[in-house]
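Raw contents of protein-v6.txt, compact mmCIF, C-alpha atoms (C1' of nucleotides):
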```
# COMPACT_ATOMS: atom_id res chain seq x y z
CA MET A 1 110.13 -11.41 -96.64
CA THR A 2 112.73 -9.50 -98.65
CA GLY A 3 112.73 -12.56 -100.83
CA ARG A 4 116.18 -14.13 -100.46
CA ASP A 5 114.67 -17.56 -100.76
CA GLY A 6 117.87 -19.39 -101.39
CA ASP A 7 119.58 -18.54 -98.15
CA THR A 8 117.78 -19.97 -95.15
CA GLU A 9 119.89 -18.12 -92.62
CA ALA A 10 119.03 -14.77 -94.23
CA LYS A 11 115.39 -15.76 -94.47
CA ILE A 12 115.32 -16.42 -90.73
CA LEU A 13 117.09 -13.17 -89.98
CA ASP A 14 114.58 -11.26 -92.08
CA ALA A 15 111.67 -12.98 -90.36
CA ALA A 16 113.16 -12.32 -86.94
CA HIS A 17 113.57 -8.67 -87.86
CA VAL A 18 109.88 -8.41 -88.71
CA VAL A 19 108.70 -10.22 -85.58
CA PHE A 20 111.05 -8.48 -83.14
CA MET A 21 110.02 -5.10 -84.48
CA ARG A 22 106.34 -6.02 -84.20
CA SER A 23 106.29 -7.75 -80.82
CA GLY A 24 109.43 -6.51 -79.15
CA THR A 25 112.26 -8.83 -78.23
CA ALA A 26 110.71 -10.03 -74.98
CA GLY A 27 107.26 -10.42 -76.50
CA ALA A 28 108.40 -12.27 -79.61
CA ARG A 29 108.10 -16.06 -79.78
CA MET A 30 110.50 -18.35 -81.60
CA GLN A 31 107.48 -20.15 -83.10
CA GLU A 32 106.20 -16.85 -84.48
CA ILE A 33 109.54 -16.25 -86.17
CA ALA A 34 109.65 -19.76 -87.58
CA ASP A 35 106.17 -19.31 -89.05
CA GLU A 36 107.12 -15.95 -90.54
CA ALA A 37 110.20 -17.53 -92.11
CA GLY A 38 108.27 -20.57 -93.29
CA VAL A 39 110.64 -22.99 -91.61
CA ASN A 40 110.70 -25.15 -88.51
CA LYS A 41 111.50 -23.83 -85.07
CA ALA A 42 114.45 -26.14 -84.68
CA LEU A 43 116.16 -24.44 -87.58
CA LEU A 44 116.32 -21.16 -85.71
CA HIS A 45 118.42 -22.86 -83.07
CA TYR A 46 120.48 -24.62 -85.68
CA TYR A 47 121.53 -21.29 -87.18
CA PHE A 48 121.48 -18.94 -84.21
CA ARG A 49 121.80 -21.21 -81.16
CA SER A 50 119.42 -19.20 -78.91
CA LYS A 51 116.79 -16.49 -78.95
CA GLU A 52 119.26 -14.17 -77.25
CA LYS A 53 121.83 -14.65 -80.02
CA LEU A 54 119.20 -14.18 -82.71
CA ALA A 55 118.05 -10.95 -81.08
CA GLU A 56 121.62 -9.73 -80.97
CA ALA A 57 122.13 -10.49 -84.66
CA VAL A 58 118.96 -8.62 -85.61
CA PHE A 59 119.88 -5.65 -83.47
CA ARG A 60 123.35 -5.39 -84.92
CA ARG A 61 122.11 -5.52 -88.48
CA THR A 62 119.33 -3.01 -87.83
CA ALA A 63 121.49 -0.50 -85.99
CA GLY A 64 124.19 -0.94 -88.60
CA GLU A 65 121.98 0.17 -91.44
CA PHE A 66 120.62 3.17 -89.58
CA PHE A 67 123.36 4.97 -87.69
CA PRO A 68 126.28 5.01 -90.11
CA ARG A 69 124.17 6.68 -92.80
CA VAL A 70 123.23 9.62 -90.56
CA PHE A 71 126.73 9.89 -89.15
CA GLY A 72 128.19 10.00 -92.62
CA VAL A 73 126.11 12.97 -93.71
CA LEU A 74 126.70 14.86 -90.47
CA ALA A 75 130.46 14.50 -90.70
CA SER A 76 130.55 15.28 -94.43
CA GLY A 77 131.91 18.46 -95.96
CA LEU A 78 128.56 19.66 -97.31
CA PRO A 79 127.59 23.26 -96.48
CA LEU A 80 125.48 23.29 -93.35
CA GLU A 81 122.19 24.16 -94.98
CA GLU A 82 122.53 21.38 -97.53
CA LYS A 83 123.62 19.02 -94.80
CA VAL A 84 120.46 19.71 -92.84
CA ARG A 85 118.25 19.19 -95.86
CA ALA A 86 120.09 15.99 -96.74
CA VAL A 87 119.72 14.52 -93.25
CA VAL A 88 116.02 15.36 -93.06
CA ALA A 89 115.25 14.02 -96.53
CA GLY A 90 117.36 10.90 -96.11
CA ASP A 91 116.08 10.01 -92.67
CA MET A 92 112.43 10.66 -93.31
CA ASP A 93 112.67 8.62 -96.45
CA PHE A 94 114.29 5.75 -94.65
CA LEU A 95 111.97 5.96 -91.63
CA SER A 96 108.87 6.08 -93.79
CA ARG A 97 109.87 2.68 -95.07
CA HIS A 98 110.72 1.42 -91.55
CA PRO A 99 108.37 3.31 -89.22
CA TYR A 100 108.74 0.88 -86.31
CA LEU A 101 112.52 0.91 -86.33
CA PRO A 102 113.05 3.79 -83.89
CA ALA A 103 110.72 2.33 -81.27
CA TYR A 104 112.50 -1.00 -81.60
CA ILE A 105 115.94 0.54 -81.22
CA ILE A 106 114.86 2.62 -78.23
CA SER A 107 113.32 -0.38 -76.53
CA GLU A 108 116.40 -2.53 -77.10
CA VAL A 109 118.76 0.15 -75.91
CA HIS A 110 116.77 0.62 -72.71
CA HIS A 111 116.77 -3.06 -71.84
CA GLN A 112 120.26 -3.92 -73.12
CA PRO A 113 122.34 -0.71 -72.83
CA GLU A 114 125.59 -2.67 -73.13
CA ARG A 115 124.75 -3.67 -76.70
CA ILE A 116 124.75 -0.17 -78.08
CA VAL A 117 127.87 0.77 -76.19
CA GLY A 118 129.60 -2.22 -77.74
CA LEU A 119 128.34 -1.40 -81.22
CA MET A 120 129.34 2.23 -81.01
CA THR A 121 132.91 1.35 -80.29
CA GLU A 122 132.91 -0.64 -83.56
CA PHE A 123 131.39 2.06 -85.76
CA ARG A 124 133.72 4.93 -86.31
CA ARG A 125 132.64 7.33 -83.59
CA VAL A 126 130.58 10.32 -84.73
CA SER A 127 132.73 13.31 -85.29
CA LEU A 128 130.92 16.53 -84.59
CA ASP A 129 134.08 18.51 -85.25
CA VAL A 130 133.18 19.48 -88.81
CA LEU A 131 129.68 20.46 -87.80
CA GLN A 132 130.91 22.45 -84.83
CA ALA A 133 133.34 24.32 -87.07
CA GLN A 134 130.55 25.20 -89.48
CA LEU A 135 128.40 26.48 -86.63
CA ASP A 136 131.29 28.48 -85.17
CA ASP A 137 132.14 30.02 -88.54
CA GLY A 138 128.54 31.01 -89.05
CA ALA A 139 128.39 32.52 -85.58
CA ARG A 140 131.55 34.56 -86.15
CA GLU A 141 130.15 35.91 -89.40
CA GLY A 142 126.84 36.75 -87.75
CA ARG A 143 124.86 34.26 -89.79
CA TYR A 144 124.04 31.94 -86.88
CA ARG A 145 123.64 32.28 -83.15
CA PRO A 146 126.16 30.29 -81.14
CA ILE A 147 125.16 26.74 -80.30
CA ARG A 148 126.96 23.53 -79.39
CA ALA A 149 126.92 20.91 -82.11
CA GLU A 150 125.59 18.29 -79.68
CA GLN A 151 122.54 20.40 -78.96
CA ALA A 152 121.94 21.17 -82.60
CA VAL A 153 122.11 17.51 -83.58
CA LEU A 154 119.85 16.51 -80.72
CA ASN A 155 117.24 19.08 -81.75
CA LEU A 156 117.34 18.10 -85.39
CA VAL A 157 117.23 14.36 -84.83
CA ALA A 158 114.48 14.81 -82.23
CA MET A 159 112.22 16.60 -84.69
CA ILE A 160 112.83 13.98 -87.35
CA VAL A 161 112.57 10.82 -85.28
CA PHE A 162 110.09 11.65 -82.52
CA PRO A 163 106.95 11.56 -84.68
CA PHE A 164 107.82 8.02 -85.74
CA LEU A 165 108.43 7.03 -82.15
CA ALA A 166 105.18 8.54 -81.01
CA GLY A 167 103.40 7.18 -84.10
CA PRO A 168 100.06 5.93 -82.82
CA LEU A 169 100.16 8.40 -79.94
CA VAL A 170 100.26 11.43 -82.21
CA GLY A 171 97.20 10.25 -84.04
CA ALA A 172 95.31 9.60 -80.81
CA VAL A 173 96.33 12.79 -79.01
CA LEU A 174 95.77 15.15 -81.92
CA ASN A 175 92.71 13.19 -83.02
CA LEU A 176 93.86 12.58 -86.58
CA ASP A 177 92.70 9.90 -88.96
CA ALA A 178 95.19 8.04 -91.12
CA ALA A 179 95.01 10.55 -93.97
CA ASP A 180 95.54 13.55 -91.67
CA HIS A 181 98.49 11.79 -90.13
CA GLN A 182 100.10 11.08 -93.46
CA ALA A 183 99.59 14.69 -94.55
CA LEU A 184 101.16 15.90 -91.31
CA MET A 185 104.23 13.75 -91.86
CA ALA A 186 104.56 14.82 -95.48
CA GLU A 187 104.42 18.46 -94.46
CA ARG A 188 107.27 17.92 -92.03
CA ARG A 189 109.76 17.10 -94.77
CA ALA A 190 109.75 20.71 -95.91
CA LEU A 191 108.97 22.22 -92.53
CA ILE A 192 111.76 20.76 -90.40
CA PRO A 193 114.74 22.13 -92.37
CA GLU A 194 113.20 25.62 -92.50
CA PHE A 195 112.25 25.52 -88.83
CA PHE A 196 115.66 24.30 -87.78
CA LEU A 197 117.68 26.70 -89.93
CA ASN A 198 115.51 29.61 -88.87
CA ALA A 199 116.13 28.72 -85.24
CA LEU A 200 119.86 29.07 -85.87
CA ARG A 201 119.57 32.64 -87.17
CA PRO A 202 120.65 35.42 -84.82
CA MET B 1 109.03 2.54 -52.98
CA THR B 2 106.90 5.66 -52.51
CA GLY B 3 106.35 4.32 -49.05
CA ARG B 4 102.58 3.80 -48.72
CA ASP B 5 103.14 0.84 -46.46
CA GLY B 6 99.64 0.63 -45.12
CA ASP B 7 97.89 0.01 -48.38
CA THR B 8 98.90 -3.27 -49.99
CA GLU B 9 97.13 -2.58 -53.23
CA ALA B 10 99.00 0.70 -53.68
CA LYS B 11 102.24 -0.99 -52.69
CA ILE B 12 101.75 -3.56 -55.43
CA LEU B 13 100.85 -0.88 -57.96
CA ASP B 14 104.00 1.05 -57.10
CA ALA B 15 106.13 -2.07 -57.40
CA ALA B 16 104.52 -2.98 -60.72
CA HIS B 17 105.22 0.53 -61.96
CA VAL B 18 108.90 0.17 -61.16
CA VAL B 19 109.22 -3.29 -62.69
CA PHE B 20 107.19 -2.60 -65.82
CA MET B 21 109.23 0.52 -66.49
CA ARG B 22 112.46 -1.39 -65.97
CA SER B 23 111.71 -4.62 -67.83
CA GLY B 24 108.85 -3.66 -70.11
CA THR B 25 105.44 -5.22 -69.81
CA ALA B 26 106.26 -8.38 -71.76
CA GLY B 27 109.63 -8.79 -70.06
CA ALA B 28 108.35 -8.25 -66.54
CA ARG B 29 107.66 -11.26 -64.31
CA MET B 30 104.94 -11.42 -61.71
CA GLN B 31 107.47 -12.87 -59.28
CA GLU B 32 109.72 -9.86 -59.86
CA ILE B 33 106.86 -7.53 -58.99
CA ALA B 34 105.96 -9.52 -55.90
CA ASP B 35 109.56 -9.35 -54.69
CA GLU B 36 109.71 -5.61 -55.34
CA ALA B 37 106.50 -5.14 -53.37
CA GLY B 38 107.66 -7.45 -50.59
CA VAL B 39 104.57 -9.66 -50.85
CA ASN B 40 103.62 -13.00 -52.30
CA LYS B 41 102.84 -13.60 -55.95
CA ALA B 42 99.33 -14.79 -55.15
CA LEU B 43 98.47 -11.39 -53.74
CA LEU B 44 99.01 -9.75 -57.12
CA HIS B 45 96.27 -11.94 -58.52
CA TYR B 46 94.06 -11.33 -55.50
CA TYR B 47 94.13 -7.59 -56.13
CA PHE B 48 94.51 -7.36 -59.91
CA ARG B 49 93.29 -10.72 -61.19
CA SER B 50 95.85 -11.02 -64.02
CA LYS B 51 99.12 -9.59 -65.31
CA GLU B 52 97.19 -7.99 -68.16
CA LYS B 53 94.89 -6.13 -65.76
CA LEU B 54 97.81 -5.04 -63.61
CA ALA B 55 99.62 -3.69 -66.66
CA GLU B 56 96.52 -1.80 -67.68
CA ALA B 57 96.22 -0.24 -64.22
CA VAL B 58 99.84 0.87 -64.23
CA PHE B 59 99.55 2.30 -67.72
CA ARG B 60 96.41 4.27 -66.88
CA ARG B 61 97.92 5.75 -63.77
CA THR B 62 101.19 6.63 -65.50
CA ALA B 63 99.61 8.17 -68.58
CA GLY B 64 97.13 9.99 -66.38
CA GLU B 65 99.80 11.86 -64.47
CA PHE B 66 101.73 12.81 -67.60
CA PHE B 67 99.41 13.93 -70.38
CA PRO B 68 96.82 16.10 -68.61
CA ARG B 69 99.52 18.31 -67.16
CA VAL B 70 101.01 19.16 -70.56
CA PHE B 71 97.59 19.52 -72.18
CA GLY B 72 96.52 21.92 -69.48
CA VAL B 73 99.39 24.30 -70.05
CA LEU B 74 99.07 24.15 -73.84
CA ALA B 75 95.36 25.00 -73.75
CA SER B 76 95.78 27.69 -71.11
CA GLY B 77 95.43 31.43 -71.71
CA LEU B 78 99.08 32.21 -70.99
CA PRO B 79 100.91 34.32 -73.58
CA LEU B 80 102.69 32.05 -76.03
CA GLU B 81 106.22 32.77 -74.88
CA GLU B 82 105.37 32.08 -71.25
CA LYS B 83 103.47 28.97 -72.30
CA VAL B 84 106.53 27.59 -74.06
CA ARG B 85 108.76 28.26 -71.08
CA ALA B 86 106.22 26.72 -68.72
CA VAL B 87 105.90 23.53 -70.77
CA VAL B 88 109.65 23.09 -71.09
CA ALA B 89 110.33 23.76 -67.42
CA GLY B 90 107.44 21.61 -66.20
CA ASP B 91 108.14 18.67 -68.46
CA MET B 92 111.87 18.57 -68.00
CA ASP B 93 111.36 18.75 -64.29
CA PHE B 94 108.92 15.90 -64.32
CA LEU B 95 110.93 13.79 -66.74
CA SER B 96 114.13 14.26 -64.78
CA ARG B 97 112.36 12.53 -61.92
CA HIS B 98 110.93 9.83 -64.22
CA PRO B 99 113.47 9.41 -67.00
CA TYR B 100 112.23 5.97 -68.11
CA LEU B 101 108.61 7.02 -68.40
CA PRO B 102 108.67 8.10 -72.06
CA ALA B 103 110.26 4.86 -73.26
CA TYR B 104 107.71 2.90 -71.28
CA ILE B 105 104.77 4.84 -72.73
CA ILE B 106 106.11 4.55 -76.27
CA SER B 107 106.61 0.82 -75.90
CA GLU B 108 103.13 0.28 -74.49
CA VAL B 109 101.49 2.40 -77.16
CA HIS B 110 103.24 0.45 -79.89
CA HIS B 111 102.15 -2.92 -78.61
CA GLN B 112 98.70 -1.94 -77.33
CA PRO B 113 97.56 1.01 -79.46
CA GLU B 114 93.93 0.51 -78.37
CA ARG B 115 94.79 1.46 -74.81
CA ILE B 116 95.88 4.98 -75.59
CA VAL B 117 92.96 5.53 -77.93
CA GLY B 118 90.63 4.50 -75.13
CA LEU B 119 92.36 6.71 -72.60
CA MET B 120 92.40 9.74 -74.86
CA THR B 121 88.64 9.63 -75.25
CA GLU B 122 88.40 9.84 -71.45
CA PHE B 123 90.78 12.76 -71.00
CA ARG B 124 89.32 15.94 -72.35
CA ARG B 125 90.78 16.00 -75.83
CA VAL B 126 93.65 18.43 -76.38
CA SER B 127 92.43 21.65 -77.77
CA LEU B 128 94.96 23.35 -79.99
CA ASP B 129 92.49 26.13 -80.80
CA VAL B 130 93.91 28.59 -78.30
CA LEU B 131 97.45 27.86 -79.40
CA GLN B 132 96.56 28.12 -83.08
CA ALA B 133 94.89 31.48 -82.46
CA GLN B 134 98.01 32.75 -80.72
CA LEU B 135 100.17 31.62 -83.62
CA ASP B 136 97.82 33.15 -86.18
CA ASP B 137 97.67 36.47 -84.30
CA GLY B 138 101.45 36.56 -84.13
CA ALA B 139 101.71 35.80 -87.85
CA ARG B 140 99.25 38.56 -88.75
CA GLU B 141 101.21 41.05 -86.70
CA GLY B 142 104.46 39.92 -88.26
CA ARG B 143 105.91 38.57 -85.02
CA TYR B 144 105.85 34.90 -86.09
CA ARG B 145 106.01 32.99 -89.32
CA PRO B 146 102.89 30.98 -90.10
CA ILE B 147 102.84 27.44 -88.73
CA ARG B 148 100.18 24.91 -87.87
CA ALA B 149 99.75 24.32 -84.15
CA GLU B 150 100.13 20.55 -84.60
CA GLN B 151 103.57 21.02 -86.12
CA ALA B 152 104.65 23.49 -83.48
CA VAL B 153 103.59 21.18 -80.65
CA LEU B 154 105.26 18.21 -82.28
CA ASN B 155 108.54 20.10 -82.63
CA LEU B 156 108.48 21.38 -79.08
CA VAL B 157 107.55 18.08 -77.48
CA ALA B 158 110.09 16.27 -79.64
CA MET B 159 112.95 18.44 -78.42
CA ILE B 160 111.86 18.00 -74.80
CA VAL B 161 111.11 14.28 -74.75
CA PHE B 162 113.48 12.77 -77.29
CA PRO B 163 116.66 13.04 -75.21
CA PHE B 164 114.96 11.07 -72.44
CA LEU B 165 113.81 8.45 -74.91
CA ALA B 166 117.23 8.15 -76.40
CA GLY B 167 118.81 8.27 -72.95
CA PRO B 168 121.59 5.70 -73.03
CA LEU B 169 121.93 6.10 -76.79
CA VAL B 170 122.83 9.76 -76.59
CA GLY B 171 125.59 9.02 -74.16
CA ALA B 172 126.97 6.23 -76.32
CA VAL B 173 126.69 8.03 -79.65
CA LEU B 174 128.10 11.34 -78.51
CA ASN B 175 130.60 9.59 -76.28
CA LEU B 176 129.64 11.38 -73.07
CA ASP B 177 130.23 10.29 -69.54
CA ALA B 178 127.52 10.69 -66.92
CA ALA B 179 128.61 14.19 -65.94
CA ASP B 180 128.71 15.42 -69.54
CA HIS B 181 125.28 13.97 -70.10
CA GLN B 182 123.82 15.69 -67.08
CA ALA B 183 125.36 19.00 -68.12
CA LEU B 184 123.91 18.60 -71.60
CA MET B 185 120.43 18.02 -70.20
CA ALA B 186 120.71 20.96 -67.84
CA GLU B 187 121.72 23.22 -70.69
CA ARG B 188 118.64 22.20 -72.65
CA ARG B 189 116.26 23.75 -70.13
CA ALA B 190 117.33 27.22 -71.18
CA LEU B 191 118.20 26.34 -74.76
CA ILE B 192 114.95 24.75 -75.94
CA PRO B 193 112.63 27.71 -75.33
CA GLU B 194 115.04 30.13 -77.02
CA PHE B 195 115.63 27.78 -79.93
CA PHE B 196 111.93 27.14 -80.40
CA LEU B 197 110.83 30.75 -80.12
CA ASN B 198 113.57 31.89 -82.44
CA ALA B 199 112.45 29.35 -85.01
CA LEU B 200 109.01 30.97 -84.98
CA ARG B 201 110.35 34.41 -85.84
CA PRO B 202 109.85 35.61 -89.43
C1' DG C 1 120.12 -28.98 -93.67
C1' DT C 2 115.55 -29.81 -92.33
C1' DC C 3 112.12 -32.11 -90.05
C1' DT C 4 109.23 -34.44 -85.80
C1' DA C 5 109.07 -35.38 -81.19
C1' DT C 6 110.18 -34.41 -76.65
C1' DA C 7 112.69 -32.87 -72.77
C1' DA C 8 113.24 -29.21 -69.35
C1' DA C 9 112.31 -24.97 -67.45
C1' DG C 10 109.56 -20.93 -66.92
C1' DG C 11 105.81 -18.43 -65.44
C1' DG C 12 100.75 -17.14 -64.96
C1' DA C 13 97.09 -18.49 -62.32
C1' DT C 14 94.36 -20.97 -58.61
C1' DA C 15 93.20 -23.92 -54.33
C1' DG C 16 93.06 -24.03 -49.79
C1' DA C 17 95.07 -23.38 -45.09
C1' DC C 18 95.59 -19.85 -41.73
C1' DG D 1 94.03 -10.49 -46.51
C1' DT D 2 98.04 -13.14 -46.87
C1' DC D 3 100.56 -17.18 -47.28
C1' DT D 4 102.32 -22.08 -49.26
C1' DA D 5 101.84 -25.42 -52.50
C1' DT D 6 100.67 -26.77 -56.89
C1' DC D 7 98.58 -26.98 -61.37
C1' DC D 8 99.21 -26.69 -66.18
C1' DC D 9 100.00 -24.31 -70.25
C1' DT D 10 103.65 -21.95 -72.77
C1' DT D 11 108.10 -21.58 -74.57
C1' DT D 12 112.98 -22.37 -75.20
C1' DA D 13 116.02 -25.73 -76.43
C1' DT D 14 117.76 -30.40 -77.77
C1' DA D 15 117.77 -35.39 -79.60
C1' DG D 16 117.55 -38.05 -83.29
C1' DA D 17 115.42 -39.66 -87.75
C1' DC D 18 115.63 -38.60 -92.66
```

Representation of the structure as structure tokens:
Amino acid sequence: MTGRDGDTEAKILDAAHVVFMRSGTAGARMQEIADEAGVNKALLHYYFRSKEKLAEAVFRRTAGEFFPRVFGVLASGLPLEEKVRAVVAGDMDFLSRHPYLPAYIISEVHHQPERIVGLMTEFRRVSLDVLQAQLDDGAREGRYRPIRAEQAVLNLVAMIVFPFLAGPLVGAVLNLDAADHQALMAERRALIPEFFLNALRP
Amino acid sequence: MTGRDGDTEAKILDAAHVVFMRSGTAGARMQEIADEAGVNKALLHYYFRSKEKLAEAVFRRTAGEFFPRVFGVLASGLPLEEKVRAVVAGDMDFLSRHPYLPAYIISEVHHQPERIVGLMTEFRRVSLDVLQAQLDDGAREGRYRPIRAEQAVLNLVAMIVFPFLAGPLVGAVLNLDAADHQALMAERRALIPEFFLNALRP
DNA sequence: GTCTATAAAGGGATAGAC
DNA sequence: GTCTATCCCTTTATAGAC
């Protein structure tokens, strides 16, 4: 897929990524992955030993390219308003290119909760200290209403990620065609930061 | 589970609900469901013909007890502020009793998008007209800033549902133990309506 | 490293007795 | 209606040639 034709192992990993995201880990078939990679089924076992191990490898890579980016911005020294705009822009950009990623992560985490716990101990743990200080400063100066950083992050990430999770549901429930849906998502890029920052005002 | 011991069909449906929510539809085994129901595997086929049909039945029942309730409140004539509080209280109450339900629905919708489209044509479609009128009135009177009803609903539902979807992830990422997590969720009941309504202010 | 062929187990579905 | 026994296709995994 991403075209690293020289390296068979990477080619298989890319193919597995596509298939696991499409069919879910339990629903995916090793044959399907082999076809997607353009190699024989036996090669998957040669490189990754078992389906379980292959799924683990895909999950680790996928989670690793998603979480650290967000964490980095949140813990950065940017002023809060810029930080919010940066997270929204960065995430929606990334998720537009990988719309099925959140549903995949959620599904994996529900069925294999140990995996994420293990991974999170490897990543540097998210520090909300900087963010909390910014919120507290703002509250003291009367610019923001008091709120815990955990709640703020949860609200912001929810508004960004949920529409991708709900994807097909949103279209069906609100009765939107593909064009309406795309317009809705585009509008959110500007809307979410304003909505969120306005909610923080006293 | 819910204890309708007389009716075998209902007993199987309840068991299937539990197992499908736990393992996902693709990951669930008919034997697992039979064990959970305390009956033989053959009986599942006697009542529901196939795994596919059983999954469909569970999905319809589950979706049917979730969506109409929310839709009803949203389309009701309640004043907007009460409406928001009612949705948050009602949903968080319901979801606290069925924390795995959102992840199950999301997973199903991703792998069988036709199902939800079919179901939504059966439910009376959500009317956002009443809500949009309330938002427009408020904007004209200077009480709210202008916003499309679709975006408002998406933001509200996102803040309510996302933490249940992310469930184990939130705990791992924010490094919370079970008690912290429960406290966080409890705090959200009061926080979400205030946060949301404040975001609407000019 | 990559393939073909095949073993071994899993799991949905049915037949038939009770 | 409910059970036991069994069929048979699917799917993971390995053996062994090239």

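If all atoms listed in the file are the atoms counted, then among B:Asp35, B:Ser50, B:Ala10, B:Phe20 the closest residue to C:DT14 is B:Ser50.
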
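Using all atoms listed in the file, the nearest neighbour of D:DC3 within the list B:Arg125, B:Lys41, B:Arg189, B:His181 is B:Lys41.
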
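Near C:DA5, within 12 Å and counting only C-alpha atoms (C1' of nucleotides), sit A:Ala42, C:DC3, C:DA7, D:DT14, D:DA15, D:DG16, D:DA17; same-chain residues fewer than 2 positions away were not included.
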
Nearby residues (only C-alpha atoms (C1' of nucleotides)) at most 9 Å from A:Val84, same-chain spacing under 6 positions excluded, as a PDB file with C-alpha atoms, in the coordinates of the input:
```
ATOM      1  CA  VAL A  73     126.110  12.970 -93.710  1.00  0.00           C
ATOM      2  CA  LEU A  74     126.700  14.860 -90.470  1.00  0.00           C
ATOM      3  CA  LEU A 156     117.340  18.100 -85.390  1.00  0.00           C
ATOM      4  CA  PRO A 193     114.740  22.130 -92.370  1.00  0.00           C
ATOM      5  CA  PHE A 196     115.660  24.300 -87.780  1.00  0.00           C
ATOM      6  CA  LEU A 197     117.680  26.700 -89.930  1.00  0.00           C
TER       7      LEU A 197
END
```

Next item on the list: Find the distance between atom CA of A:Asp177 and atom CA of A:Ala103 and write it in Å to one decimal.
Entry: 21.0 Å

Checklist line | 12 Å contact set for D:DC7, all atoms listed in the file, chain neighbours under 5 positions out, as number ranges by chain | finding: C: 11-15
